[in-house]
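Asks: Sharing input-v1.csv, CSV, C-alpha atoms:
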chain,number,residue,atom,x,y,z
A,1,MET,CA,-8.7,67.6,-24.0
A,2,ASN,CA,-11.9,65.8,-25.0
A,3,GLU,CA,-10.2,64.4,-28.0
A,4,ARG,CA,-8.2,62.1,-25.7
A,5,GLN,CA,-11.1,60.7,-23.7
A,6,PRO,CA,-11.8,57.0,-24.3
A,7,VAL,CA,-14.7,56.1,-26.6
A,8,ARG,CA,-17.3,54.2,-24.5
A,9,ARG,CA,-19.8,53.3,-27.0
A,10,PRO,CA,-20.1,53.5,-30.8
A,11,GLY,CA,-21.1,57.1,-31.8
A,12,GLY,CA,-20.6,58.4,-28.3
A,13,ARG,CA,-17.6,60.6,-29.0
A,14,SER,CA,-18.9,61.6,-32.4
A,15,ALA,CA,-22.2,62.7,-30.9
A,16,ARG,CA,-20.4,64.6,-28.1
A,17,VAL,CA,-18.1,66.4,-30.6
A,18,GLY,CA,-21.1,67.2,-32.8
A,19,ALA,CA,-23.0,68.8,-29.8
A,20,GLN,CA,-19.9,70.7,-28.7
A,21,VAL,CA,-19.3,72.1,-32.2
A,22,HIS,CA,-22.9,73.0,-32.7
A,23,GLN,CA,-23.0,74.8,-29.3
A,24,ALA,CA,-19.8,76.7,-30.2
A,25,VAL,CA,-21.3,77.9,-33.5
A,26,THR,CA,-24.5,79.2,-31.8
A,27,ASP,CA,-22.4,80.9,-29.1
A,28,LEU,CA,-20.1,82.6,-31.6
A,29,ILE,CA,-23.1,83.8,-33.7
A,30,SER,CA,-24.7,85.2,-30.5
A,31,GLU,CA,-21.5,87.0,-29.6
A,32,ARG,CA,-20.2,88.2,-33.0
A,33,GLY,CA,-22.9,87.7,-35.6
A,34,TYR,CA,-23.0,85.4,-38.6
A,35,GLY,CA,-19.8,85.1,-40.6
A,36,ASN,CA,-17.5,86.8,-38.1
A,37,PHE,CA,-15.5,83.7,-37.1
A,38,THR,CA,-13.4,80.9,-38.5
A,39,VAL,CA,-13.4,77.1,-38.3
A,40,GLY,CA,-10.3,77.5,-36.0
A,41,GLU,CA,-12.3,79.6,-33.6
A,42,VAL,CA,-15.2,77.2,-33.6
A,43,ALA,CA,-12.8,74.3,-32.9
A,44,THR,CA,-11.0,76.1,-30.1
A,45,ARG,CA,-14.4,77.0,-28.4
A,46,ALA,CA,-15.6,73.5,-28.8
A,47,GLY,CA,-12.3,72.0,-27.4
A,48,VAL,CA,-11.7,69.9,-30.5
A,49,ALA,CA,-9.0,69.9,-33.2
A,50,ASP,CA,-9.5,72.0,-36.4
A,51,SER,CA,-9.0,68.8,-38.4
A,52,SER,CA,-12.0,67.1,-36.6
A,53,VAL,CA,-14.2,69.9,-37.9
A,54,TYR,CA,-12.9,69.9,-41.4
A,55,ARG,CA,-13.0,66.1,-41.6
A,56,ARG,CA,-16.7,66.0,-40.6
A,57,TRP,CA,-18.1,69.1,-42.2
A,58,GLY,CA,-15.6,70.1,-44.9
A,59,SER,CA,-16.1,73.8,-44.6
A,60,LEU,CA,-17.5,76.5,-42.3
A,61,GLU,CA,-20.5,76.9,-44.7
A,62,ASN,CA,-21.4,73.3,-44.5
A,63,LEU,CA,-21.1,73.4,-40.7
A,64,LEU,CA,-23.4,76.5,-40.5
A,65,SER,CA,-26.0,74.8,-42.7
A,66,ASP,CA,-25.9,71.7,-40.6
A,67,VAL,CA,-26.4,73.7,-37.4
A,68,ALA,CA,-29.4,75.6,-38.8
A,69,LEU,CA,-31.0,72.5,-40.3
A,70,THR,CA,-30.5,70.5,-37.1
A,71,ARG,CA,-31.9,73.2,-34.8
A,72,LEU,CA,-34.8,74.2,-36.9
A,73,ASN,CA,-35.9,70.7,-37.7
A,74,ALA,CA,-35.1,68.7,-34.6
A,75,GLN,CA,-36.6,71.1,-32.1
A,76,SER,CA,-40.0,71.4,-33.6
A,77,PRO,CA,-41.5,68.0,-34.3
A,78,MET,CA,-44.9,68.5,-35.7
A,79,PRO,CA,-47.7,67.9,-33.1
A,80,ASP,CA,-50.7,65.6,-33.7
A,81,THR,CA,-53.4,66.7,-31.3
A,82,GLY,CA,-56.5,65.6,-33.2
A,83,SER,CA,-57.5,69.1,-34.5
A,84,VAL,CA,-55.9,71.6,-36.8
A,85,ALA,CA,-56.4,74.3,-34.2
A,86,GLY,CA,-54.7,72.3,-31.6
A,87,ASP,CA,-51.9,71.3,-33.9
A,88,LEU,CA,-51.2,74.8,-35.1
A,89,ARG,CA,-51.4,76.3,-31.6
A,90,THR,CA,-49.0,73.7,-30.3
A,91,TYR,CA,-46.7,74.1,-33.2
A,92,ALA,CA,-46.7,77.9,-33.0
A,93,ALA,CA,-46.0,77.7,-29.2
A,94,GLN,CA,-43.0,75.4,-29.9
A,95,VAL,CA,-41.6,77.7,-32.5
A,96,ALA,CA,-42.1,80.7,-30.2
A,97,ARG,CA,-40.2,78.9,-27.3
A,98,GLU,CA,-37.4,77.9,-29.7
A,99,ILE,CA,-36.8,81.3,-31.2
A,100,THR,CA,-37.1,83.2,-27.9
A,101,GLY,CA,-34.9,80.7,-26.0
A,102,PRO,CA,-31.2,81.3,-25.1
A,103,ASP,CA,-29.9,80.4,-28.6
A,104,GLY,CA,-33.1,81.3,-30.5
A,105,LEU,CA,-32.0,84.6,-31.9
A,106,ALA,CA,-28.7,83.0,-33.1
A,107,VAL,CA,-30.6,80.2,-34.8
A,108,VAL,CA,-33.0,82.7,-36.5
A,109,ARG,CA,-30.1,84.9,-37.6
A,110,LEU,CA,-28.3,81.8,-38.9
A,111,ALA,CA,-31.3,80.7,-40.9
A,112,VAL,CA,-31.8,84.2,-42.3
A,113,ALA,CA,-28.1,84.6,-43.1
A,114,LEU,CA,-27.9,81.3,-44.9
A,115,SER,CA,-31.1,81.9,-46.7
A,116,ALA,CA,-30.0,85.2,-48.0
A,117,ASP,CA,-26.4,84.2,-48.9
A,118,GLY,CA,-26.0,84.3,-52.6
A,119,ARG,CA,-23.5,81.5,-52.7
A,120,GLN,CA,-25.0,79.2,-50.0
A,121,GLY,CA,-28.5,80.4,-50.1
A,122,PRO,CA,-30.4,78.3,-52.6
A,123,GLN,CA,-29.1,75.0,-51.3
A,124,ALA,CA,-29.4,75.8,-47.6
A,125,ARG,CA,-32.8,77.4,-48.1
A,126,ASP,CA,-34.2,74.5,-50.1
A,127,GLY,CA,-33.0,72.1,-47.4
A,128,LEU,CA,-34.6,74.2,-44.6
A,129,LEU,CA,-37.8,74.9,-46.4
A,130,ALA,CA,-38.2,71.5,-48.0
A,131,GLU,CA,-38.0,69.6,-44.7
A,132,ARG,CA,-40.3,72.1,-42.8
A,133,THR,CA,-42.8,72.1,-45.7
A,134,ARG,CA,-42.9,68.4,-45.8
A,135,GLN,CA,-43.5,68.1,-42.1
A,136,MET,CA,-46.2,70.8,-42.1
A,137,GLN,CA,-48.0,69.4,-45.1
A,138,ALA,CA,-48.2,66.0,-43.4
A,139,MET,CA,-49.8,67.7,-40.4
A,140,LEU,CA,-52.3,69.6,-42.5
A,141,ASP,CA,-53.1,66.5,-44.6
A,142,ARG,CA,-54.1,64.7,-41.4
A,143,ALA,CA,-56.6,67.6,-40.8
A,144,THR,CA,-58.0,67.2,-44.3
A,145,GLU,CA,-58.4,63.5,-43.7
A,146,ARG,CA,-60.4,64.2,-40.6
A,147,GLY,CA,-62.7,66.3,-42.6
A,148,GLU,CA,-61.3,69.7,-41.4
A,149,ARG,CA,-60.4,72.5,-43.8
A,150,PRO,CA,-56.9,73.5,-42.9
A,151,PRO,CA,-55.0,76.5,-44.3
A,152,GLY,CA,-52.2,76.0,-46.7
A,153,VAL,CA,-48.5,75.7,-45.7
A,154,LEU,CA,-47.8,79.1,-47.2
A,155,ASP,CA,-50.6,80.7,-45.2
A,156,VAL,CA,-49.0,79.3,-42.0
A,157,LEU,CA,-45.6,80.7,-43.2
A,158,ASP,CA,-47.0,84.2,-44.0
A,159,HIS,CA,-49.4,84.7,-41.0
A,160,VAL,CA,-48.0,82.6,-38.1
A,161,LEU,CA,-44.3,82.1,-38.7
A,162,ALA,CA,-43.3,85.3,-40.4
A,163,PRO,CA,-44.8,87.6,-37.8
A,164,MET,CA,-43.1,85.6,-35.0
A,165,TYR,CA,-39.7,85.6,-36.8
A,166,ILE,CA,-39.9,89.4,-37.6
A,167,ARG,CA,-40.9,90.3,-34.1
A,168,VAL,CA,-38.0,88.2,-32.6
A,169,LEU,CA,-35.5,89.8,-35.1
A,170,PHE,CA,-36.8,93.2,-34.1
A,171,GLY,CA,-36.4,92.4,-30.4
A,172,MET,CA,-40.2,92.5,-29.7
A,173,GLU,CA,-41.8,90.2,-27.1
A,174,LEU,CA,-43.9,87.1,-28.1
A,175,THR,CA,-46.6,86.4,-25.5
A,176,PRO,CA,-48.6,83.2,-25.5
A,177,ASP,CA,-51.8,85.2,-26.1
A,178,TYR,CA,-50.2,86.9,-29.1
A,179,VAL,CA,-49.0,83.5,-30.6
A,180,ASP,CA,-52.5,81.9,-30.0
A,181,GLY,CA,-54.0,85.0,-31.6
A,182,LEU,CA,-52.0,84.5,-34.8
A,183,VAL,CA,-53.4,81.0,-35.2
A,184,ASP,CA,-57.0,82.0,-34.3
A,185,ARG,CA,-56.9,84.8,-36.9
A,186,LEU,CA,-55.6,82.4,-39.6
A,187,LEU,CA,-58.3,79.9,-38.8
A,188,SER,CA,-61.2,82.4,-38.5
B,1,MET,CA,-10.2,111.1,-57.4
B,2,ASN,CA,-13.5,112.5,-56.5
B,3,GLU,CA,-11.9,114.2,-53.5
B,4,ARG,CA,-10.1,116.6,-55.8
B,5,GLN,CA,-13.1,117.8,-57.8
B,6,PRO,CA,-14.1,121.4,-57.2
B,7,VAL,CA,-17.1,122.0,-55.0
B,8,ARG,CA,-19.8,123.7,-57.2
B,9,ARG,CA,-22.5,124.4,-54.7
B,10,PRO,CA,-22.8,124.2,-51.0
B,11,GLY,CA,-23.5,120.6,-50.0
B,12,GLY,CA,-22.7,119.3,-53.4
B,13,ARG,CA,-19.6,117.4,-52.6
B,14,SER,CA,-21.0,116.3,-49.2
B,15,ALA,CA,-24.1,114.9,-50.8
B,16,ARG,CA,-22.0,113.1,-53.5
B,17,VAL,CA,-19.7,111.6,-50.9
B,18,GLY,CA,-22.7,110.5,-48.9
B,19,ALA,CA,-24.3,108.8,-51.9
B,20,GLN,CA,-21.0,107.1,-52.9
B,21,VAL,CA,-20.4,105.8,-49.4
B,22,HIS,CA,-23.9,104.5,-49.0
B,23,GLN,CA,-23.7,102.7,-52.4
B,24,ALA,CA,-20.3,101.2,-51.3
B,25,VAL,CA,-21.9,99.9,-48.2
B,26,THR,CA,-24.9,98.2,-50.0
B,27,ASP,CA,-22.5,96.8,-52.6
B,28,LEU,CA,-20.2,95.3,-49.9
B,29,ILE,CA,-23.2,93.8,-48.0
B,30,SER,CA,-24.5,92.2,-51.2
B,31,GLU,CA,-21.1,90.7,-51.9
B,32,ARG,CA,-19.8,89.7,-48.5
B,33,GLY,CA,-22.7,90.0,-46.0
B,34,TYR,CA,-23.1,92.2,-43.0
B,35,GLY,CA,-20.1,92.8,-40.9
B,36,ASN,CA,-17.5,91.3,-43.2
B,37,PHE,CA,-15.8,94.6,-44.2
B,38,THR,CA,-14.0,97.6,-42.7
B,39,VAL,CA,-14.4,101.4,-42.9
B,40,GLY,CA,-11.2,101.3,-45.0
B,41,GLU,CA,-12.8,99.0,-47.6
B,42,VAL,CA,-15.9,101.1,-47.7
B,43,ALA,CA,-13.8,104.2,-48.3
B,44,THR,CA,-11.7,102.6,-51.1
B,45,ARG,CA,-14.9,101.3,-52.8
B,46,ALA,CA,-16.4,104.8,-52.6
B,47,GLY,CA,-13.3,106.5,-53.8
B,48,VAL,CA,-13.0,108.7,-50.7
B,49,ALA,CA,-10.4,109.0,-47.8
B,50,ASP,CA,-10.9,106.9,-44.7
B,51,SER,CA,-10.8,110.1,-42.7
B,52,SER,CA,-13.8,111.4,-44.6
B,53,VAL,CA,-15.8,108.5,-43.4
B,54,TYR,CA,-14.7,108.6,-39.8
B,55,ARG,CA,-15.2,112.4,-39.7
B,56,ARG,CA,-18.8,112.1,-40.9
B,57,TRP,CA,-20.0,108.9,-39.3
B,58,GLY,CA,-17.6,108.2,-36.5
B,59,SER,CA,-17.7,104.4,-36.8
B,60,LEU,CA,-18.7,101.6,-39.1
B,61,GLU,CA,-21.7,100.9,-36.9
B,62,ASN,CA,-23.0,104.5,-37.2
B,63,LEU,CA,-22.5,104.3,-40.9
B,64,LEU,CA,-24.5,101.1,-41.2
B,65,SER,CA,-27.3,102.5,-39.1
B,66,ASP,CA,-27.4,105.6,-41.3
B,67,VAL,CA,-27.6,103.6,-44.5
B,68,ALA,CA,-30.4,101.4,-43.2
B,69,LEU,CA,-32.4,104.3,-41.8
B,70,THR,CA,-32.0,106.4,-45.0
B,71,ARG,CA,-32.9,103.6,-47.3
B,72,LEU,CA,-35.9,102.3,-45.4
B,73,ASN,CA,-37.3,105.7,-44.6
B,74,ALA,CA,-36.5,107.7,-47.7
B,75,GLN,CA,-37.6,105.2,-50.3
B,76,SER,CA,-41.1,104.6,-48.9
B,77,PRO,CA,-42.8,107.9,-48.2
B,78,MET,CA,-46.3,107.1,-47.0
B,79,PRO,CA,-49.0,107.4,-49.7
B,80,ASP,CA,-52.1,109.5,-49.3
B,81,THR,CA,-54.7,108.2,-51.8
B,82,GLY,CA,-57.9,109.0,-50.0
B,83,SER,CA,-58.7,105.5,-48.8
B,84,VAL,CA,-57.0,103.1,-46.4
B,85,ALA,CA,-57.2,100.3,-49.0
B,86,GLY,CA,-55.5,102.5,-51.6
B,87,ASP,CA,-52.9,103.7,-49.1
B,88,LEU,CA,-52.0,100.2,-47.9
B,89,ARG,CA,-51.9,98.8,-51.4
B,90,THR,CA,-49.7,101.6,-52.6
B,91,TYR,CA,-47.4,101.4,-49.5
B,92,ALA,CA,-47.1,97.5,-49.8
B,93,ALA,CA,-46.3,97.8,-53.5
B,94,GLN,CA,-43.6,100.4,-52.7
B,95,VAL,CA,-42.0,98.2,-50.0
B,96,ALA,CA,-42.2,95.2,-52.4
B,97,ARG,CA,-40.4,97.2,-55.1
B,98,GLU,CA,-37.8,98.4,-52.6
B,99,ILE,CA,-37.0,95.0,-51.1
B,100,THR,CA,-36.9,93.1,-54.4
B,101,GLY,CA,-34.8,95.8,-56.2
B,102,PRO,CA,-31.1,95.5,-56.9
B,103,ASP,CA,-30.0,96.5,-53.4
B,104,GLY,CA,-33.2,95.3,-51.7
B,105,LEU,CA,-31.9,92.2,-50.1
B,106,ALA,CA,-28.8,94.0,-48.9
B,107,VAL,CA,-31.1,96.6,-47.2
B,108,VAL,CA,-33.3,93.9,-45.6
B,109,ARG,CA,-30.2,92.1,-44.4
B,110,LEU,CA,-28.8,95.3,-43.0
B,111,ALA,CA,-32.0,96.1,-41.2
B,112,VAL,CA,-32.2,92.6,-39.8
B,113,ALA,CA,-28.5,92.5,-38.8
B,114,LEU,CA,-28.7,95.9,-37.0
B,115,SER,CA,-32.0,94.9,-35.3
B,116,ALA,CA,-30.6,91.7,-34.0
B,117,ASP,CA,-27.2,93.1,-33.0
B,118,GLY,CA,-26.9,93.0,-29.2
B,119,ARG,CA,-24.7,96.0,-29.0
B,120,GLN,CA,-26.2,98.2,-31.7
B,121,GLY,CA,-29.6,96.7,-31.9
B,122,PRO,CA,-31.8,98.5,-29.5
B,123,GLN,CA,-30.8,102.0,-30.7
B,124,ALA,CA,-30.8,101.2,-34.4
B,125,ARG,CA,-34.0,99.2,-34.1
B,126,ASP,CA,-35.8,101.9,-32.1
B,127,GLY,CA,-34.7,104.5,-34.7
B,128,LEU,CA,-35.9,102.3,-37.6
B,129,LEU,CA,-39.2,101.3,-35.9
B,130,ALA,CA,-40.0,104.7,-34.4
B,131,GLU,CA,-39.8,106.6,-37.7
B,132,ARG,CA,-41.7,103.9,-39.6
B,133,THR,CA,-44.3,103.6,-36.9
B,134,ARG,CA,-44.8,107.4,-36.8
B,135,GLN,CA,-45.3,107.6,-40.6
B,136,MET,CA,-47.7,104.7,-40.7
B,137,GLN,CA,-49.7,105.9,-37.7
B,138,ALA,CA,-50.2,109.3,-39.4
B,139,MET,CA,-51.4,107.5,-42.5
B,140,LEU,CA,-53.8,105.3,-40.5
B,141,ASP,CA,-55.0,108.4,-38.5
B,142,ARG,CA,-56.0,110.1,-41.7
B,143,ALA,CA,-58.2,107.0,-42.5
B,144,THR,CA,-59.8,107.3,-39.0
B,145,GLU,CA,-60.5,111.0,-39.6
B,146,ARG,CA,-62.2,110.1,-42.9
B,147,GLY,CA,-64.5,107.7,-40.9
B,148,GLU,CA,-62.8,104.5,-42.0
B,149,ARG,CA,-61.8,101.8,-39.6
B,150,PRO,CA,-58.1,101.1,-40.4
B,151,PRO,CA,-56.1,98.3,-38.9
B,152,GLY,CA,-53.4,99.0,-36.3
B,153,VAL,CA,-49.7,99.6,-37.1
B,154,LEU,CA,-48.7,96.2,-35.6
B,155,ASP,CA,-51.3,94.4,-37.7
B,156,VAL,CA,-49.7,95.9,-40.8
B,157,LEU,CA,-46.3,94.9,-39.5
B,158,ASP,CA,-47.5,91.3,-38.8
B,159,HIS,CA,-49.6,90.6,-41.8
B,160,VAL,CA,-48.3,92.7,-44.7
B,161,LEU,CA,-44.6,93.6,-43.9
B,162,ALA,CA,-43.5,90.5,-42.1
B,163,PRO,CA,-44.6,88.0,-44.9
B,164,MET,CA,-43.0,90.2,-47.5
B,165,TYR,CA,-39.7,90.4,-45.6
B,166,ILE,CA,-39.6,86.7,-44.8
B,167,ARG,CA,-40.4,85.8,-48.4
B,168,VAL,CA,-37.6,88.0,-49.7
B,169,LEU,CA,-35.1,86.6,-47.1
B,170,PHE,CA,-36.0,83.1,-48.2
B,171,GLY,CA,-35.6,83.9,-51.8
B,172,MET,CA,-39.3,83.6,-52.7
B,173,GLU,CA,-41.0,85.8,-55.3
B,174,LEU,CA,-43.3,88.7,-54.5
B,175,THR,CA,-45.9,89.1,-57.3
B,176,PRO,CA,-48.3,92.2,-57.3
B,177,ASP,CA,-51.3,89.8,-56.8
B,178,TYR,CA,-49.6,88.3,-53.8
B,179,VAL,CA,-48.9,91.8,-52.3
B,180,ASP,CA,-52.4,93.1,-53.0
B,181,GLY,CA,-53.8,89.9,-51.4
B,182,LEU,CA,-52.0,90.5,-48.2
B,183,VAL,CA,-53.6,93.9,-47.9
B,184,ASP,CA,-57.1,92.6,-48.9
B,185,ARG,CA,-56.9,89.9,-46.3
B,186,LEU,CA,-55.9,92.3,-43.6
B,187,LEU,CA,-58.8,94.6,-44.4
B,188,SER,CA,-61.4,91.9,-44.9
How does this structure look as structure tokens?

Replies:
Amino acid sequence: MNERQPVRRPGGRSARVGAQVHQAVTDLISERGYGNFTVGEVATRAGVADSSVYRRWGSLENLLSDVALTRLNAQSPMPDTGSVAGDLRTYAAQVAREITGPDGLAVVRLAVALSADGRQGPQARDGLLAERTRQMQAMLDRATERGERPPGVLDVLDHVLAPMYIRVLFGMELTPDYVDGLVDRLLS
Amino acid sequence: MNERQPVRRPGGRSARVGAQVHQAVTDLISERGYGNFTVGEVATRAGVADSSVYRRWGSLENLLSDVALTRLNAQSPMPDTGSVAGDLRTYAAQVAREITGPDGLAVVRLAVALSADGRQGPQARDGLLAERTRQMQAMLDRATERGERPPGVLDVLDHVLAPMYIRVLFGMELTPDYVDGLVDRLLS
């Protein structure tokens, strides 16, 4: 098993285990839905020992939060194109690619499930929203500094991100024209 | 148990069992999340026999679809106030009340889970969306007949319903001013 392979560089095995476990989580969410699997099943799918998962994440809930936070933050670095229209179009296109990709629906469902979970929700939600909000605010602040008049973070949430998320959740298509149109409408 | 009470009028016991089973489903979704309970647990919570549930709904999936369809359609009849602004404001306020009420989050999560479920999704989603779309189109058609220029159904989905759903899922507040503002912005 992978557990027995030699460590070649510091962090190498750890990074590989992390990637395998994250992929196992998104696969299981795609197949069974949020909450319908155990740490043992994640470990088996990832080819690692249960104890490796518990040692690193402590619980299934912490693991699920980590996957959602990693996916939603890492895959959409904020663009810096020189104009708020360019930044928002690029950002919206990135989000669209991410949430319509192979694991996209699983990631959206995970974010929704964590956000709505009475026990885990507030903490997971605050983590997700705080990081996204900080990144987006920095992008919009750059626009203000250039003398543009950007929309607020909540307007982007309401009128660009929310429609895309809801359309993906309801199985509807996101075309590039549709995504650009959401941004143009917000800026008009 | 309720099963043993005499039937007083045609449909009386059936309607009561239906209401009890629906409430048991929304309670269990609130407590455990979508998918984390069985027909047997629903029946026990509702105080009815497992066989009553299977006879009427056939499967847990059919029962969950029925609850979502009933809640989302029955609780928001389309208003007819005489103007598209009045209709949309009234409708948006109804949806806001429904999804921020005691079972609201459970209903939203159920709709999302069914919509995103690879096996059940397309059928359940089409049922949910087709009925809602039909109702809303009729409301907007009345506006056109009065000589108004109403938005399209998808614009209402994208810019009034989607922001409300996403804000509820992420645990954010929906104030009446915020909800009115979504409608005003769409019509402006």

Asks: Which one of A:Gly82, A:Asp180, A:Ile29, A:Ser14 sits closest to Gln94 (chain A) if you count all atoms listed in the file?

Replies: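 Residue with the minimum atom-to-atom distance to Gln94 (chain A): A:Asp180.
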
Asks: Looking at B:Thr133, B:Thr70, B:Gly18, B:Glu145, which one is nearest to Arg56 (chain B), with distances taken over only C-alpha atoms?

Replies: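 Nearest candidate to Arg56 (chain B) out of B:Thr133, B:Thr70, B:Gly18, B:Glu145: B:Gly18.
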
Asks: Can you measure CA of Leu69 (chain B) to CA of Val168 (chain B) for me? One decimal in Å is fine.

Replies: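 Computing it gives 18.8 Å between the two atoms.
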
Asks: Applying 9 Å and only C-alpha atoms, which residues near Val153 (chain B) remain after dropping the ones on its own chain fewer than 3 positions away? List them as a PyMOL selection string.

Replies: chain B and resi 133+136-137+140+156-158

Asks: Considering all atoms listed in the file, return as a list in words whatever protein or nucleic-acid residues lie within 9 Å of Thr90 (chain B), sequence-local ones (same chain, fewer than 2 positions apart) excluded.

Replies: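 Once the nearby chain positions are removed, what remains is Met78, Pro79, Asp80, Thr81, Ala85, Gly86, Asp87, Leu88, Ala92, Ala93, Gln94, Val95 and Asp180 of chain B.
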
Asks: Between CA of Val160 (chain B) and CA of Arg109 (chain B), what distance in Å does the model show, to one decimal?

Replies: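 One can read the CA of Val160 (chain B) to CA of Arg109 (chain B) distance as 18.1 Å.
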
Asks: CA of Asp155 (chain B) to CA of Pro77 (chain A): how many Å, to one decimal?

Replies: 28.4 Å

Asks: From the options A:Leu28, A:Val108, A:Val39, A:Ala15, which residue's atoms come nearest to chain B, counting only C-alpha atoms?

Replies: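 For chain B, the nearest of the candidates is A:Val108.
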
Asks: Just checking: using all atoms listed in the file, which residue out of B:Leu161, B:Val183, B:Ala143, B:Ala138 ends up closest to Arg89 (chain B)?

Replies: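 Among B:Leu161, B:Val183, B:Ala143, B:Ala138, it is B:Val183 that comes nearest to Arg89 (chain B).
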
Asks: Tell me which protein, DNA and RNA residues are within 8 Å of Ile166 (chain B), counting all atoms listed in the file, leaving out same-chain ones fewer than 4 positions away, and put them as a list in words.

Replies: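 My list of contacting residues is Asp158, Ala162 and Ile166 of chain A; Ala162 and Phe170 of chain B.
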
Asks: Counting all atoms listed in the file, which residue out of B:Met164, B:Val84, B:Val67, B:Val21 sits closest to Val53 (chain B)?

Replies: B:Val21

Asks: Starting from the incomplete input, reconstruct all heavy atoms of region 140-145 of chain B and write that as a short mmCIF file (atom, residue, chain, number, x, y, z; two decimals), in the coordinates of the input.

Replies:
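Output file result03.cif follows:
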data_model
loop_
_atom_site.label_atom_id
_atom_site.label_comp_id
_atom_site.auth_asym_id
_atom_site.auth_seq_id
_atom_site.Cartn_x
_atom_site.Cartn_y
_atom_site.Cartn_z
N LEU B 140 -52.65 106.00 -41.02
CA LEU B 140 -53.80 105.30 -40.50
C LEU B 140 -54.76 106.33 -39.79
O LEU B 140 -56.00 106.20 -39.84
CB LEU B 140 -53.45 104.18 -39.59
CG LEU B 140 -52.62 103.07 -40.28
CD1 LEU B 140 -52.11 102.06 -39.27
CD2 LEU B 140 -53.42 102.38 -41.38
N ASP B 141 -54.17 107.34 -39.15
CA ASP B 141 -55.00 108.40 -38.50
C ASP B 141 -55.80 109.16 -39.51
O ASP B 141 -56.95 109.55 -39.23
CB ASP B 141 -54.07 109.36 -37.71
CG ASP B 141 -53.53 108.75 -36.43
OD1 ASP B 141 -54.03 107.67 -36.02
OD2 ASP B 141 -52.59 109.33 -35.84
N ARG B 142 -55.24 109.40 -40.68
CA ARG B 142 -56.00 110.10 -41.70
C ARG B 142 -57.24 109.25 -42.10
O ARG B 142 -58.32 109.79 -42.37
CB ARG B 142 -55.14 110.33 -42.97
CG ARG B 142 -54.10 111.42 -42.78
CD ARG B 142 -53.52 111.90 -44.11
NE ARG B 142 -52.83 110.85 -44.85
CZ ARG B 142 -51.53 110.55 -44.71
NH1 ARG B 142 -50.78 111.23 -43.86
NH2 ARG B 142 -50.97 109.59 -45.41
N ALA B 143 -57.08 107.92 -42.14
CA ALA B 143 -58.20 107.00 -42.50
C ALA B 143 -59.30 107.16 -41.38
O ALA B 143 -60.49 107.27 -41.70
CB ALA B 143 -57.74 105.59 -42.59
N THR B 144 -58.87 107.14 -40.13
CA THR B 144 -59.80 107.30 -39.00
C THR B 144 -60.59 108.61 -39.14
O THR B 144 -61.81 108.66 -38.95
CB THR B 144 -59.11 107.18 -37.67
OG1 THR B 144 -58.39 105.96 -37.64
CG2 THR B 144 -60.10 107.23 -36.51
N GLU B 145 -59.85 109.68 -39.47
CA GLU B 145 -60.50 111.00 -39.60
C GLU B 145 -61.51 111.02 -40.74
O GLU B 145 -62.47 111.78 -40.72
CB GLU B 145 -59.42 112.08 -39.84
CG GLU B 145 -58.66 112.44 -38.56
CD GLU B 145 -57.31 113.08 -38.85
OE1 GLU B 145 -57.13 113.59 -39.98
OE2 GLU B 145 -56.44 113.04 -37.96
#
